[in-house]
Each structure stands twice: as structure tokens, then as C-alpha cells.
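Step one of this worksheet: look at the structure below.
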Amino acid sequence: MRTILLNTGTELLAGDVHDTHLAFIAREIFSLGLRIEERRTVADGEAIAETLKELFSRAEIIFVTGGLGPTSDDITRDVAAEVLGLKLREDTELLASLKQLLNARRIKWVSSIARQALVPDGAEILPNENGSASGLYLKADVNPKIRSPHIVLLPGPPRELQPMFRDSVMTILRSIVKGPPQFERRFYKIACMGESLIEEAIGKKILAIPGVELGYCARPGEVDVRIIGKHAALDQADQIVRAQLGDSIFTTDDETLEEVLVKLLTKKKQTLAIAESCTGGLLANRITNVPGASAVLLAGYIAYANEAKIDILGVDPKLIEKHGAVSEEVARSMADGARKRARSTYAVATTGVAGPSGGSEEKRVGTVYVALADENDTTIKKLFFPSDRETFKQLTAQAAFEMLRRKLI
């Protein structure tokens, strides 16, 4: 079924808000054999009506996001009703629940909020447990006089849209989509390996399998490999991927490298300490974003200045004086100091030149040392990531995490 996503909101086109709906919805509906064929983003106003009319003739399902709130620019429900030739009627139960919700939250009632209780004839109300704007489902040809696809109107905020989609929309879609999915999708995530190297290893072999679609998504320090096709063909492709990439694959699920690390450390009942200079707390931040991190992360030290490296981690001042803060010797001392101070199984440390200034002929901008310490040994890698500061930090974090993952497996 041809499925299209229509994002509404001037704030999206102005760059004030980053759209995350495409990635979420595309992942959710894939299990039903649906794929987003096209995505449009339009401003609030007449463009919504014009785009809906254009899409009606070539879509079977349309998801529309945004514009269901109480303010004057929230016109999606009004426009959808007008285009479909449907009357908007006030739903008394929905109005009562809105008043109850605002009263419970001690929010003053204003007349404009009542607009959220307007429902087009024939629409199904999708409850919003995380906000005040209900979603709406309009079945195909809801007005027999106007040919129209299935239309789902969803609130804009992700914290409202995502639970609503999982709890209500997926149930509706299962009743619409008939039969099992005709294809499957598999993911392989690889850290610290270039996209071109991965393609060289697997590209031609996989594309030689009839009916397999192969794609890559690269981000700092990570590449996602995606294969789509029928089950038997994917099993054949899977053998190639695993044979060529092996332990470079850190997961085949929708999880991050730090999530994998927390799981591995938890399973082994081992602990971690982190000492950061150039990454400024990024490693600790990413680890603590994972539920259950408290079972494995004992401490994180941000020792940005030389004095902090000396006072907090016990780095010998003579090492800094002789080799510089960005050096193998200081990285080793930082990792050893963090592990001993926290009494952890492992410790990782980072020290480098993020730039754009501060480099030298010997240690150019982008130079970084990553150290991994355990009770028996401390391993150090010298790496070079000449890029902007944020990308440099992400690449360094990936390198440190991958270093630890390799140790754990």
C-alpha cells in the first residue's frame, strides 16, 4: 500500500524544530510490510489543503503530523475536514475530558482549547495520554462523494505522537493491511570502520543475490548496513555479512554502542570508570543515558585542565611536563588513575587536540590518545580525527567504546 508522510508546521521549514517523525514511523510500520514512499513538509496554511488534494490520487495511507493544538496556526483538522467535505462537530465527551485534564494540571481554561474537541464526521478519536490534542483516523472514502485514502492525523510533539502511534495507530493499520509482509529487513551496526571498506567487503556479493536491496547509513564512527528482501534471500545475505564483517558487527538490533556495552558489563558483573579530557564528559553522558548504567558505571572524571589531571587522577606532573597532556604516557596515567580511584574493573581515558587551535607539527589538531586499563594491562591507541570539535568528540567516544567492546568479547 502506497504510504506517504505529510509533516505540517512552519517551524519545521524555518529550522526551529528538527523532525524525527519519519524515522520513527518508518521503523514502526515496516513490521506490517509498509514503507514510506514519500515525505512532504509544508507550512501551516493553504499548503496543507493543496498537498492533501494532490496526494489523494496516489496514496492509500497518509500520515499527517502537527497542527492539532489550540492555537490559531493549528488548522490541520479544519483543513482535513474541508478537503474531505466533512462537518466538524464538538464531541462532548472529548470536551469534558479536556476540561478534566486541564483542571488536574491546574492549567487555566481558555476558550480556544475547545477547538481540540472538534471532530470531523466519521472520524475515530485516538486518545492522547501525554497531551491535550487527540489524534484522528479517517477511513478511506470516509465521504462517499470524495475519493480519499486512509488518513491519520497525529500531534506534532514526539512524546505525544509515539505512544499514540504504538497504542492506537498500529492496531488500525493491522486491520487495514491484509496478509503477511512480503519482505523483511535486517540491520548490522559496525563501529570505527569506513563505509567504503564495508561496501568493498560485502557489496558485490550481496547485490549478486536476486531480490535483495542493500543500503548504508553512515554517521560519525558508525555505519549501519541495511538489507531488505524475502526471508530466504536475506539468510543468504546474512551469511555473507557475518563471514566478511564478523566481530566488527556490534549489534543487529536497534541499539547503540553504549547500550551494548552496558549489557556486556552487566552480564559479566564488571564495572567501568571514565576519565575524560578532550571529550568533556561525552562518554559518561552516553553511558548514563542507558537504563541500568548505575550497575556498571562507578565514576566519571572530567579532567580538562592539567591541574585536574594531577589532582583528580594522580597524573605525575613530570609526565605532562615531559610528554605533554596529549600523549600516550598521560593517557595511560589517566586510565590507571581512574581505575584505581574508582576501584573498577576497567577504565577508559581520552586526551587529545579537538581544535581548531592548539595543535603543533608533532600533535596536529585531531590527534587523540585513547587508553583502556584493567587490572593486568593498559592499552593505548593514537588516533587522528581532523574534523570539527563535535565530530571529533563523537569519533573519539566511538573509538573508546569500541576498544572496550572488543576487550569484553
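Residue numbering restarts at 1 for every chain of the C-alpha cells, chains are lettered A, B, ... in their displayed order, and ligands are numbered from 1 as they appear.
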
Can you build me a table of stretch 133-197 of chain A residues sitting at most 12 Å from stretch 24-43 of chain A, with the closest atom pair per residue and its distance in Å to one decimal, using only C-alpha atoms, sorted by chain and residue number, as CSV?
residue,atom,partner,partner_atom,distance
A:Val152,CA,A:Ile25,CA,11.9
A:Leu154,CA,A:Ile25,CA,11.2
A:Pro158,CA,A:Phe24,CA,9.1
A:Arg159,CA,A:Phe24,CA,11.5
A:Leu161,CA,A:Ile25,CA,9.6
A:Gln162,CA,A:Phe24,CA,7.7
A:Pro163,CA,A:Phe24,CA,11.0
A:Met164,CA,A:Ile25,CA,11.4
A:Phe165,CA,A:Ile25,CA,8.1
A:Arg166,CA,A:Glu28,CA,7.8
A:Asp167,CA,A:Glu28,CA,11.5
A:Val169,CA,A:Ile29,CA,9.7
A:Met170,CA,A:Ile29,CA,7.6
A:Thr171,CA,A:Leu32,CA,10.7
A:Ile172,CA,A:Leu32,CA,11.3
A:Leu173,CA,A:Leu32,CA,8.0
A:Arg174,CA,A:Leu32,CA,7.1
A:Ser175,CA,A:Leu32,CA,10.5
A:Ile176,CA,A:Leu32,CA,10.0
A:Val177,CA,A:Leu32,CA,7.2
A:Lys178,CA,A:Leu32,CA,9.1
A:Gly179,CA,A:Leu32,CA,9.0
A:Pro180,CA,A:Leu32,CA,7.3
A:Pro181,CA,A:Gly33,CA,4.2
A:Gln182,CA,A:Gly33,CA,6.3
A:Phe183,CA,A:Gly33,CA,6.6
A:Glu184,CA,A:Gly33,CA,7.8
A:Arg185,CA,A:Phe30,CA,8.1
A:Arg186,CA,A:Phe30,CA,11.1
A:Phe187,CA,A:Arg27,CA,11.6

Can you pull out the residues contacting A:Val370? Cut-off 12 Å, using only C-alpha atoms, and skip same-chain residues under 6 positions away; I want them as a VMD selection string. chain A and resid 274 to 279 283 326 to 335 347 to 352 378 to 384 393 395 to 404

Using only C-alpha atoms, the residue out of A:Lys87, A:Arg405, A:Lys145, A:His150 with shortest distance to A:Pro120 is A:Lys87

Nearest to A:Thr345 among A:Lys407, A:Arg58, A:Gly131, A:Thr288, with distances taken over only C-alpha atoms: which residue is it?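 Checking each candidate against A:Thr345, we get A:Lys407 as the closest.
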
Taking the DSSP secondary structure from the backbone, can you list the residues of stretch 99-129 of chain A that are alpha helix (DSSP H), as a ChimeraX atom specification? /A:99-104

Could you write out that same residue set with N, CA and C atoms as an mmCIF file, in the first residue's frame?
data_model
loop_
_atom_site.group_PDB
_atom_site.id
_atom_site.type_symbol
_atom_site.label_atom_id
_atom_site.label_comp_id
_atom_site.auth_asym_id
_atom_site.auth_seq_id
_atom_site.Cartn_x
_atom_site.Cartn_y
_atom_site.Cartn_z
ATOM 1 N N LYS A 99 -11.380 19.400 29.785
ATOM 2 C CA LYS A 99 -11.557 20.240 30.969
ATOM 3 C C LYS A 99 -11.025 19.550 32.218
ATOM 4 N N GLN A 100 -11.279 18.258 32.302
ATOM 5 C CA GLN A 100 -10.804 17.487 33.449
ATOM 6 C C GLN A 100 -9.268 17.442 33.474
ATOM 7 N N LEU A 101 -8.673 17.266 32.293
ATOM 8 C CA LEU A 101 -7.220 17.197 32.178
ATOM 9 C C LEU A 101 -6.571 18.510 32.620
ATOM 10 N N LEU A 102 -7.084 19.611 32.131
ATOM 11 C CA LEU A 102 -6.507 20.911 32.474
ATOM 12 C C LEU A 102 -6.723 21.250 33.941
ATOM 13 N N ASN A 103 -7.852 20.857 34.457
ATOM 14 C CA ASN A 103 -8.125 21.099 35.874
ATOM 15 C C ASN A 103 -7.152 20.312 36.749
ATOM 16 N N ALA A 104 -6.887 19.061 36.361
ATOM 17 C CA ALA A 104 -5.966 18.229 37.133
ATOM 18 C C ALA A 104 -4.554 18.800 37.103
#

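We find atom CA of A:Tyr216 and atom CA of A:Ala59 to be spaced 27.2 Å apart.
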
Atom CA of A:Arg147 sits from atom CA of A:Glu54 at a separation of 11.8 Å

All strand (DSSP E or B) positions in stretch 155-348 of chain A, as a PyMOL selection string: chain A and resi 184-191+213-219+222-229+249-251+272-276+297-302+346-348

Extract, using only C-alpha atoms, all DNA, RNA and protein residues at most 9 Å from A:Lys139, discarding same-chain residues fewer than 4 positions from it, and format them as a ChimeraX atom specification. /A:122-124,148-152

Which residues, written as a PyMOL selection string, have at least one atom at most 7 Å from A:Gly67, with only C-alpha atoms counted and residues fewer than 5 positions away on the same chain left out? chain A and resi 8-9+73-76+155-156

Rank nothing, just name the residue among A:Lys267, A:Lys363, A:Lys108, A:Arg115 nearest to A:Asp78, using only C-alpha atoms.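 Answer, going by the shortest atom-to-atom distance: A:Arg115.
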
Which residue is closest to A:Lys53? Choose from A:Thr71, A:Glu11, A:Ala80, A:Leu98 and count only C-alpha atoms.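 Of all the options, A:Ala80 lies closest to A:Lys53.
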
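Restricting the calculation to only C-alpha atoms, the smallest distance between A:Leu261 and any of A:Ala293, A:Phe63, A:Ala117, A:Ser344 is found for A:Ala293.
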
Rank A:Ile206, A:Leu84, A:Val353, A:Ile228 by their smallest atom-to-atom distance to A:Gly324, using only C-alpha atoms, and report the top residue only.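 Comparing A:Ile206, A:Leu84, A:Val353, A:Ile228 against A:Gly324, the winner is A:Val353.
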